[in-house]
$ cat upload_38.pdb   # PDB, C-alpha atoms
ATOM      1  CA  MET A   1      88.854  58.192  17.178
ATOM      2  CA  LYS A   2      86.088  59.049  19.609
ATOM      3  CA  ASN A   3      85.554  55.738  21.396
ATOM      4  CA  LEU A   4      86.421  52.039  21.582
ATOM      5  CA  GLN A   5      84.235  51.246  18.593
ATOM      6  CA  ALA A   6      86.025  53.796  16.374
ATOM      7  CA  THR A   7      87.295  52.233  13.150
ATOM      8  CA  VAL A   8      89.777  52.864  10.361
ATOM      9  CA  THR A   9      88.822  52.133   6.754
ATOM     10  CA  LEU A  10      91.200  49.613   5.176
ATOM     11  CA  ASN A  11      92.257  49.742   1.530
ATOM     12  CA  ASN A  12      89.536  47.269   0.491
ATOM     13  CA  GLY A  13      86.805  49.366   2.137
ATOM     14  CA  SER A  14      86.310  47.205   5.245
ATOM     15  CA  GLU A  15      86.308  48.792   8.706
ATOM     16  CA  MET A  16      88.723  47.751  11.472
ATOM     17  CA  PRO A  17      88.587  48.946  15.096
ATOM     18  CA  TRP A  18      91.571  51.055  16.166
ATOM     19  CA  LEU A  19      91.925  49.098  19.417
ATOM     20  CA  GLY A  20      91.511  45.386  20.070
ATOM     21  CA  LEU A  21      92.469  42.565  22.409
ATOM     22  CA  GLY A  22      95.484  40.380  21.698
ATOM     23  CA  VAL A  23      95.743  36.863  23.157
ATOM     24  CA  PHE A  24      99.362  35.891  22.469
ATOM     25  CA  ARG A  25     100.648  33.494  25.161
ATOM     26  CA  VAL A  26      97.185  33.082  26.685
ATOM     27  CA  GLU A  27      96.701  29.364  27.263
ATOM     28  CA  ASN A  28      93.772  27.567  25.666
ATOM     29  CA  GLY A  29      91.121  27.169  28.361
ATOM     30  CA  PRO A  30      89.028  29.244  30.761
ATOM     31  CA  GLU A  31      91.546  32.126  30.980
ATOM     32  CA  ALA A  32      91.417  32.827  27.233
ATOM     33  CA  THR A  33      87.640  32.428  27.103
ATOM     34  CA  GLU A  34      87.117  34.788  30.030
ATOM     35  CA  ALA A  35      89.534  37.421  28.665
ATOM     36  CA  VAL A  36      87.743  37.534  25.309
ATOM     37  CA  LYS A  37      84.289  37.615  26.887
ATOM     38  CA  THR A  38      85.403  40.333  29.336
ATOM     39  CA  ALA A  39      86.791  42.451  26.512
ATOM     40  CA  ILE A  40      83.575  42.198  24.478
ATOM     41  CA  VAL A  41      81.403  42.968  27.514
ATOM     42  CA  ASN A  42      83.547  46.061  28.136
ATOM     43  CA  GLY A  43      83.141  47.392  24.610
ATOM     44  CA  TYR A  44      85.960  45.796  22.609
ATOM     45  CA  ARG A  45      84.931  44.727  19.124
ATOM     46  CA  SER A  46      88.278  43.448  17.794
ATOM     47  CA  ILE A  47      89.933  40.180  18.867
ATOM     48  CA  ASP A  48      93.308  39.009  17.490
ATOM     49  CA  THR A  49      94.520  35.411  17.700
ATOM     50  CA  ALA A  50      96.635  33.020  15.596
ATOM     51  CA  ALA A  51      96.829  29.320  14.824
ATOM     52  CA  ILE A  52     100.211  29.008  16.543
ATOM     53  CA  TYR A  53      98.832  30.482  19.789
ATOM     54  CA  GLY A  54      96.919  27.245  20.260
ATOM     55  CA  ASN A  55      93.924  29.000  21.790
ATOM     56  CA  GLU A  56      91.473  29.427  18.903
ATOM     57  CA  GLU A  57      88.904  27.075  20.503
ATOM     58  CA  SER A  58      88.789  29.094  23.730
ATOM     59  CA  VAL A  59      88.821  32.399  21.868
ATOM     60  CA  GLY A  60      85.837  31.179  19.865
ATOM     61  CA  GLU A  61      84.013  30.221  23.057
ATOM     62  CA  GLY A  62      84.774  33.670  24.509
ATOM     63  CA  ILE A  63      83.366  35.282  21.360
ATOM     64  CA  ARG A  64      80.126  33.280  21.672
ATOM     65  CA  GLN A  65      79.791  34.109  25.368
ATOM     66  CA  GLY A  66      80.545  37.779  24.740
ATOM     67  CA  ILE A  67      78.016  38.047  21.918
ATOM     68  CA  LYS A  68      75.354  36.453  24.123
ATOM     69  CA  ALA A  69      76.169  38.607  27.156
ATOM     70  CA  VAL A  70      76.024  41.901  25.245
ATOM     71  CA  GLY A  71      73.301  41.028  22.769
ATOM     72  CA  ILE A  72      75.286  41.889  19.646
ATOM     73  CA  SER A  73      75.779  39.916  16.430
ATOM     74  CA  ARG A  74      78.864  38.273  14.922
ATOM     75  CA  GLU A  75      78.900  41.040  12.307
ATOM     76  CA  ASP A  76      79.567  43.597  15.071
ATOM     77  CA  LEU A  77      82.967  41.992  15.758
ATOM     78  CA  PHE A  78      86.286  42.050  13.909
ATOM     79  CA  ILE A  79      88.125  38.740  14.318
ATOM     80  CA  THR A  80      91.705  38.155  13.155
ATOM     81  CA  SER A  81      93.752  34.968  12.942
ATOM     82  CA  LYS A  82      97.003  34.090  11.191
ATOM     83  CA  LEU A  83      98.393  31.382   8.930
ATOM     84  CA  TRP A  84     101.321  29.667  10.615
ATOM     85  CA  ASN A  85     104.637  29.193   8.790
ATOM     86  CA  ASP A  86     104.359  25.374   8.564
ATOM     87  CA  ASP A  87     101.233  25.767   6.412
ATOM     88  CA  PHE A  88     102.731  28.247   3.934
ATOM     89  CA  GLY A  89     101.579  26.759   0.646
ATOM     90  CA  TYR A  90      98.568  27.105  -1.638
ATOM     91  CA  THR A  91      96.565  24.009  -0.696
ATOM     92  CA  SER A  92      97.901  23.862   2.860
ATOM     93  CA  GLY A  93      97.098  27.550   3.387
ATOM     94  CA  ILE A  94      93.498  27.130   2.288
ATOM     95  CA  GLN A  95      93.130  24.022   4.477
ATOM     96  CA  ALA A  96      94.653  25.795   7.497
ATOM     97  CA  TYR A  97      92.119  28.604   7.159
ATOM     98  CA  GLY A  98      89.344  26.030   7.332
ATOM     99  CA  THR A  99      90.934  24.504  10.434
ATOM    100  CA  SER A 100      91.081  27.897  12.149
ATOM    101  CA  LEU A 101      87.425  28.584  11.334
ATOM    102  CA  LYS A 102      86.433  25.196  12.732
ATOM    103  CA  LYS A 103      88.379  25.746  15.961
ATOM    104  CA  LEU A 104      86.950  29.243  16.381
ATOM    105  CA  GLY A 105      83.445  28.058  15.506
ATOM    106  CA  LEU A 106      83.080  30.863  12.963
ATOM    107  CA  GLU A 107      81.886  30.979   9.367
ATOM    108  CA  TYR A 108      84.405  33.623   8.304
ATOM    109  CA  LEU A 109      87.227  35.852   9.557
ATOM    110  CA  ASP A 110      87.400  39.607   9.163
ATOM    111  CA  LEU A 111      91.169  39.482   8.698
ATOM    112  CA  TYR A 112      93.582  36.639   7.924
ATOM    113  CA  LEU A 113      97.325  37.288   8.013
ATOM    114  CA  LEU A 114     100.531  35.580   6.907
ATOM    115  CA  HIS A 115     102.248  35.294  10.290
ATOM    116  CA  TRP A 116     105.928  35.646   9.255
ATOM    117  CA  PRO A 117     107.740  36.361   5.956
ATOM    118  CA  VAL A 118     109.044  32.828   5.402
ATOM    119  CA  GLU A 119     111.636  33.140   2.652
ATOM    120  CA  GLY A 120     110.709  31.377  -0.575
ATOM    121  CA  LYS A 121     107.234  30.509   0.702
ATOM    122  CA  TYR A 122     105.271  33.659   1.433
ATOM    123  CA  LYS A 123     104.286  34.337  -2.196
ATOM    124  CA  GLU A 124     102.610  30.958  -2.601
ATOM    125  CA  ALA A 125     100.936  31.362   0.793
ATOM    126  CA  TRP A 126      99.694  34.793  -0.309
ATOM    127  CA  LYS A 127      98.088  33.185  -3.367
ATOM    128  CA  ALA A 128      96.106  31.001  -0.955
ATOM    129  CA  LEU A 129      94.908  34.087   0.926
ATOM    130  CA  GLU A 130      94.018  35.802  -2.346
ATOM    131  CA  HIS A 131      91.917  32.753  -3.280
ATOM    132  CA  LEU A 132      90.102  32.853   0.077
ATOM    133  CA  TYR A 133      89.438  36.582  -0.365
ATOM    134  CA  MET A 134      88.243  36.374  -3.972
ATOM    135  CA  ASP A 135      86.068  33.394  -3.037
ATOM    136  CA  GLY A 136      84.357  35.501  -0.364
ATOM    137  CA  GLN A 137      85.544  33.343   2.524
ATOM    138  CA  VAL A 138      87.376  36.163   4.331
ATOM    139  CA  ILE A 139      86.668  39.908   4.527
ATOM    140  CA  ALA A 140      90.284  41.102   4.292
ATOM    141  CA  ILE A 141      93.819  39.691   4.037
ATOM    142  CA  GLY A 142      97.157  41.009   5.209
ATOM    143  CA  VAL A 143     100.591  40.208   6.560
ATOM    144  CA  SER A 144     102.497  40.277   9.821
ATOM    145  CA  ASN A 145     106.162  41.038  10.545
ATOM    146  CA  PHE A 146     106.913  42.069   6.948
ATOM    147  CA  GLN A 147     109.735  44.535   6.387
ATOM    148  CA  ILE A 148     109.793  46.973   3.445
ATOM    149  CA  HIS A 149     111.701  44.597   1.152
ATOM    150  CA  HIS A 150     109.258  41.769   1.946
ATOM    151  CA  LEU A 151     106.300  43.998   1.078
ATOM    152  CA  GLU A 152     107.912  45.217  -2.145
ATOM    153  CA  ASP A 153     108.702  41.649  -3.179
ATOM    154  CA  LEU A 154     105.205  40.383  -2.343
ATOM    155  CA  MET A 155     103.425  43.193  -4.153
ATOM    156  CA  LYS A 156     105.457  42.662  -7.349
ATOM    157  CA  ASP A 157     103.452  39.503  -8.074
ATOM    158  CA  ALA A 158     100.350  39.984  -5.931
ATOM    159  CA  ASP A 159      96.896  40.541  -7.387
ATOM    160  CA  ILE A 160      95.666  41.956  -4.087
ATOM    161  CA  LYS A 161      97.531  44.379  -1.854
ATOM    162  CA  PRO A 162      97.709  43.520   1.892
ATOM    163  CA  VAL A 163      95.323  45.663   3.927
ATOM    164  CA  VAL A 164      97.353  45.383   7.141
ATOM    165  CA  ASN A 165     100.946  44.805   8.253
ATOM    166  CA  GLN A 166     101.010  43.742  11.896
ATOM    167  CA  ILE A 167     104.437  44.529  13.360
ATOM    168  CA  GLU A 168     106.283  44.844  16.637
ATOM    169  CA  TYR A 169     105.868  48.519  17.470
ATOM    170  CA  HIS A 170     106.491  50.364  20.729
ATOM    171  CA  PRO A 171     108.520  53.341  22.061
ATOM    172  CA  ARG A 172     111.790  51.357  21.845
ATOM    173  CA  LEU A 173     111.080  50.216  18.261
ATOM    174  CA  THR A 174     109.370  52.927  16.228
ATOM    175  CA  GLN A 175     110.229  51.570  12.731
ATOM    176  CA  GLU A 176     109.541  54.964  11.164
ATOM    177  CA  SER A 177     110.697  54.079   7.635
ATOM    178  CA  LEU A 178     108.441  51.000   7.632
ATOM    179  CA  LEU A 179     105.492  53.049   8.904
ATOM    180  CA  THR A 180     106.097  55.645   6.197
ATOM    181  CA  PHE A 181     106.196  52.932   3.536
ATOM    182  CA  CYS A 182     102.926  51.458   4.812
ATOM    183  CA  ARG A 183     101.238  54.875   4.806
ATOM    184  CA  GLU A 184     102.448  55.658   1.286
ATOM    185  CA  ASN A 185     101.124  52.301   0.053
ATOM    186  CA  ASP A 186      97.817  52.453   1.944
ATOM    187  CA  ILE A 187      98.683  49.473   4.129
ATOM    188  CA  GLN A 188      97.439  49.890   7.704
ATOM    189  CA  ALA A 189     100.132  49.377  10.334
ATOM    190  CA  GLU A 190      99.079  47.406  13.412
ATOM    191  CA  SER A 191     101.120  47.039  16.583
ATOM    192  CA  TRP A 192     101.766  43.841  18.499
ATOM    193  CA  SER A 193     103.500  44.000  21.888
ATOM    194  CA  PRO A 194     102.829  47.759  22.204
ATOM    195  CA  LEU A 195     103.791  47.631  25.897
ATOM    196  CA  MET A 196     106.948  45.524  25.327
ATOM    197  CA  ALA A 197     105.482  42.733  27.460
ATOM    198  CA  GLY A 198     105.302  45.232  30.352
ATOM    199  CA  GLU A 199     108.896  46.394  30.085
ATOM    200  CA  ALA A 200     107.935  49.837  28.762
ATOM    201  CA  LEU A 201     105.816  50.544  31.848
ATOM    202  CA  GLU A 202     108.930  51.248  33.920
ATOM    203  CA  GLN A 203     110.346  54.069  31.747
ATOM    204  CA  PRO A 204     110.770  57.232  33.907
ATOM    205  CA  GLU A 205     110.088  59.547  30.948
ATOM    206  CA  LEU A 206     106.793  57.794  30.294
ATOM    207  CA  LYS A 207     105.835  57.906  33.976
ATOM    208  CA  GLU A 208     106.357  61.665  33.902
ATOM    209  CA  ILE A 209     104.115  62.115  30.870
ATOM    210  CA  ALA A 210     101.476  59.813  32.349
ATOM    211  CA  ALA A 211     101.352  61.847  35.577
ATOM    212  CA  LYS A 212     100.726  65.010  33.563
ATOM    213  CA  TYR A 213      97.585  63.518  32.004
ATOM    214  CA  ASP A 214      96.507  61.588  35.118
ATOM    215  CA  LYS A 215      96.765  58.413  33.036
ATOM    216  CA  SER A 216      98.756  55.187  33.320
ATOM    217  CA  VAL A 217     101.950  54.622  31.345
ATOM    218  CA  ALA A 218     100.139  51.915  29.378
ATOM    219  CA  GLN A 219      97.422  54.385  28.403
ATOM    220  CA  VAL A 220     100.028  56.932  27.256
ATOM    221  CA  ILE A 221     101.775  54.325  25.070
ATOM    222  CA  LEU A 222      98.517  53.120  23.535
ATOM    223  CA  ARG A 223      97.448  56.715  22.876
ATOM    224  CA  TRP A 224     100.841  57.358  21.228
ATOM    225  CA  ASN A 225     100.189  54.337  18.976
ATOM    226  CA  LEU A 226      96.785  55.632  17.948
ATOM    227  CA  GLN A 227      97.938  59.196  17.306
ATOM    228  CA  ASN A 228     100.655  57.793  15.063
ATOM    229  CA  GLY A 229      97.892  56.118  13.051
ATOM    230  CA  VAL A 230      98.766  52.610  14.247
ATOM    231  CA  VAL A 231      96.045  50.104  15.169
ATOM    232  CA  THR A 232      96.939  48.392  18.441
ATOM    233  CA  ILE A 233      96.043  45.132  20.202
ATOM    234  CA  PRO A 234      97.361  45.100  23.791
ATOM    235  CA  LYS A 235      97.222  41.691  25.445
ATOM    236  CA  SER A 236      95.805  41.214  28.925
ATOM    237  CA  THR A 237      93.756  38.657  30.827
ATOM    238  CA  ASN A 238      93.134  40.956  33.803
ATOM    239  CA  GLU A 239      89.743  42.665  33.712
ATOM    240  CA  GLY A 240      91.054  45.856  35.309
ATOM    241  CA  ARG A 241      93.824  46.199  32.730
ATOM    242  CA  ILE A 242      91.540  45.239  29.840
ATOM    243  CA  VAL A 243      89.261  48.123  30.859
ATOM    244  CA  GLU A 244      92.172  50.496  31.539
ATOM    245  CA  ASN A 245      93.709  49.794  28.129
ATOM    246  CA  SER A 246      90.448  50.816  26.479
ATOM    247  CA  GLN A 247      90.254  54.194  28.220
ATOM    248  CA  VAL A 248      92.469  56.061  25.775
ATOM    249  CA  PHE A 249      89.874  58.017  23.805
ATOM    250  CA  ASP A 250      89.287  60.830  26.312
ATOM    251  CA  PHE A 251      92.666  62.579  26.074
ATOM    252  CA  GLU A 252      95.224  63.610  23.473
ATOM    253  CA  LEU A 253      98.998  63.815  23.733
ATOM    254  CA  THR A 254     100.609  67.089  22.681
ATOM    255  CA  GLU A 255     102.982  67.139  19.728
ATOM    256  CA  GLU A 256     105.849  67.671  22.159
ATOM    257  CA  ASP A 257     104.907  64.634  24.230
ATOM    258  CA  MET A 258     104.471  62.542  21.078
ATOM    259  CA  LYS A 259     108.020  63.457  20.054
ATOM    260  CA  GLN A 260     109.331  62.684  23.538
ATOM    261  CA  VAL A 261     107.847  59.172  23.426
ATOM    262  CA  SER A 262     109.227  58.568  19.921
ATOM    263  CA  ALA A 263     112.655  59.757  21.056
ATOM    264  CA  LEU A 264     112.899  56.653  23.278
ATOM    265  CA  ASN A 265     113.503  54.574  20.150
ATOM    266  CA  GLU A 266     116.535  52.259  20.309
ATOM    267  CA  ASP A 267     115.576  49.979  17.375
ATOM    268  CA  ARG A 268     115.254  47.311  20.052
ATOM    269  CA  ARG A 269     113.050  44.267  19.630
ATOM    270  CA  VAL A 270     111.482  42.064  22.292
ATOM    271  CA  GLY A 271     110.446  39.563  19.610
ATOM    272  CA  PRO A 272     112.255  37.843  16.732
ATOM    273  CA  ASP A 273     113.863  39.770  13.870
ATOM    274  CA  PRO A 274     111.812  39.320  10.650
ATOM    275  CA  ASP A 275     115.079  39.165   8.697
ATOM    276  CA  ASN A 276     116.595  36.509  10.957
ATOM    277  CA  PHE A 277     114.242  33.898  12.406
ATOM    278  CA  ASP A 278     114.364  30.117  12.216
ATOM    279  CA  PHE A 279     110.805  28.876  12.625
TER     280      PHE A 279
END

$ encode --input "upload_38.pdb" --output "structure tokens"
Amino acid sequence: MKNLQATVTLNNGSEMPWLGLGVFRVENGPEATEAVKTAIVNGYRSIDTAAIYGNEESVGEGIRQGIKAVGISREDLFITSKLWNDDFGYTSGIQAYGTSLKKLGLEYLDLYLLHWPVEGKYKEAWKALEHLYMDGQVIAIGVSNFQIHHLEDLMKDADIKPVVNQIEYHPRLTQESLLTFCRENDIQAESWSPLMAGEALEQPELKEIAAKYDKSVAQVILRWNLQNGVVTIPKSTNEGRIVENSQVFDFELTEEDMKQVSALNEDRRVGPDPDNFDF
């Protein structure tokens, strides 16, 4: 992990950047477009969105503007979107992928995820993703918010193993057993809400560590993610913070500091519980 373009090799051989931009709760319109363009101009090569975010059109526009501004090609980027729960079915899943591509203005995605482990539906939805993958319409497929038992159940009948499991992961929710399971099964863990929607930035212990490295608390948390082997996609629409979040490749946390950050775990979520959600 030497720079912002550093990648991890997924279990199907494709390459995914360690750090990307998330756009959860960024409204469709100029703000989303500008955030994506700004990220690409400042060296980001991974953008993560989802159908349910309602901003795929603006994200797509930001991608086009970013590509033009920097003079790179579509192939230089890694774009992720997700299948929403209402479309969890074989035919509906395939159709929803087409809708996302149309909104984004793209010919393919680098990664397409099942957004939540909807009971009784995720296996059929996974078959849709397997079809898209085997048909060459998507580079890689994975899941989001899956717990160990969801992954075990899915893989019992799956022809293709997920390459990624995108989960809530931050110093208050370290999910170590899930991370271990993912490592042992060659499924790349990816963190959403790594900064706990800003809440983690006020932790005194983290402020102390940040001061030692002359870094921000956000940078310490993101570095902790990376050193734990977790891909991360912090969300921001502010250019200063987008740049700051990317400046995490020029320092390394000591083993002691890594343990101190992990010790903040309280098994506390800021998002829904994958074993108890109603959407």

$ resolve_selection --input "upload_38.pdb" --expression "the PyMOL selection byres ((chain A and resi 106) around 10)" --output "NGL selection string"
:A and (60 or 63-64 or 74 or 79 or 98 or 100-105 or 107-109)

$ atom_distance --input "upload_38.pdb" --atom1 "CA of Asp110 in chain A" --atom2 "CA of Val270 in chain A"
27.5 Å

$ resolve_selection --input "upload_38.pdb" --expression "the PyMOL selection byres ((chain A and resi 236) around 10)" --output "compact mmCIF listing (two decimals) with C-alpha atoms, in the frame of the given file"
# COMPACT_ATOMS: atom_id res chain seq x y z
CA LEU A 21 92.47 42.56 22.41
CA GLY A 22 95.48 40.38 21.70
CA VAL A 23 95.74 36.86 23.16
CA PHE A 24 99.36 35.89 22.47
CA ARG A 25 100.65 33.49 25.16
CA VAL A 26 97.18 33.08 26.68
CA ALA A 32 91.42 32.83 27.23
CA ALA A 35 89.53 37.42 28.66
CA VAL A 36 87.74 37.53 25.31
CA ALA A 39 86.79 42.45 26.51
CA ALA A 197 105.48 42.73 27.46
CA ILE A 233 96.04 45.13 20.20
CA PRO A 234 97.36 45.10 23.79
CA LYS A 235 97.22 41.69 25.44
CA THR A 237 93.76 38.66 30.83
CA ASN A 238 93.13 40.96 33.80
CA GLU A 239 89.74 42.66 33.71
CA GLY A 240 91.05 45.86 35.31
CA ARG A 241 93.82 46.20 32.73
CA ILE A 242 91.54 45.24 29.84
CA VAL A 243 89.26 48.12 30.86
CA ASN A 245 93.71 49.79 28.13

$ closest_residue --input "upload_38.pdb" --among "A:Ile148, A:Leu178, A:Met155, A:Val230" --to "Lys123 in chain A" --atoms "only C-alpha atoms"
A:Met155

$ residues_near_point --input "upload_38.pdb" --point "(102.0, 39.6, 10.1)" --cutoff "10 Å" --atoms "all atoms listed in the file" --output "list in words"
Ser81, Lys82, Leu83, Trp84, Tyr112, Leu113, Leu114, His115, Trp116, Pro117, Gly142, Val143, Ser144, Asn145, Phe146, Gln147, Val164, Asn165, Gln166, Ile167, Glu168, Ala189, Glu190, Ser191, Trp192 and Pro274 of chain A

$ resolve_selection --input "upload_38.pdb" --expression "the PyMOL selection byres ((chain A and resi 40) around 10)" --output "VMD selection string"
chain A and resid 20 to 21 34 to 39 41 to 47 62 to 67 69 to 70 72 77

$ write_last_selection --input "upload_38.pdb" --atoms "C-alpha atoms" --output "compact mmCIF listing (two decimals), keeping the file's coordinate frame"
# COMPACT_ATOMS: atom_id res chain seq x y z
CA GLY A 20 91.51 45.39 20.07
CA LEU A 21 92.47 42.56 22.41
CA GLU A 34 87.12 34.79 30.03
CA ALA A 35 89.53 37.42 28.66
CA VAL A 36 87.74 37.53 25.31
CA LYS A 37 84.29 37.62 26.89
CA THR A 38 85.40 40.33 29.34
CA ALA A 39 86.79 42.45 26.51
CA VAL A 41 81.40 42.97 27.51
CA ASN A 42 83.55 46.06 28.14
CA GLY A 43 83.14 47.39 24.61
CA TYR A 44 85.96 45.80 22.61
CA ARG A 45 84.93 44.73 19.12
CA SER A 46 88.28 43.45 17.79
CA ILE A 47 89.93 40.18 18.87
CA GLY A 62 84.77 33.67 24.51
CA ILE A 63 83.37 35.28 21.36
CA ARG A 64 80.13 33.28 21.67
CA GLN A 65 79.79 34.11 25.37
CA GLY A 66 80.54 37.78 24.74
CA ILE A 67 78.02 38.05 21.92
CA ALA A 69 76.17 38.61 27.16
CA VAL A 70 76.02 41.90 25.24
CA ILE A 72 75.29 41.89 19.65
CA LEU A 77 82.97 41.99 15.76

$ atom_distance --input "upload_38.pdb" --atom1 "CA of Leu173 in chain A" --atom2 "CA of Asp86 in chain A"
27.5 Å

$ closest_atom_pairs --input "upload_38.pdb" --of "range 9-87 of chain A" --to "range 209-228 of chain A" --cutoff "12 Å" --atoms "only C-alpha atoms" --output "tab-separated table"
residue	atom	partner	partner_atom	distance
A:Pro17	CA	A:Leu226	CA	11.0
A:Trp18	CA	A:Leu226	CA	7.2
A:Leu19	CA	A:Leu226	CA	8.3
A:Gly20	CA	A:Leu222	CA	11.0

$ atom_distance --input "upload_38.pdb" --atom1 "CA of Asp159 in chain A" --atom2 "CA of Gln175 in chain A"
26.5 Å

$ closest_residue --input "upload_38.pdb" --among "A:Asn55, A:Thr91, A:Asn276, A:Thr99" --to "His131 in chain A" --atoms "all atoms listed in the file"
A:Thr91

$ closest_residue --input "upload_38.pdb" --among "A:Lys121, A:Lys156, A:His170, A:Lys127" --to "Ile94 in chain A" --atoms "only C-alpha atoms"
A:Lys127

$ residues_around --input "upload_38.pdb" --residues "Glu15 in chain A" --least-positions-apart "4" --cutoff "10 Å" --atoms "all atoms listed in the file" --output "list in words"
Ala6, Thr7, Val8, Thr9, Leu10, Asn11, Phe78, Asp110, Ile139 and Ala140 of chain A
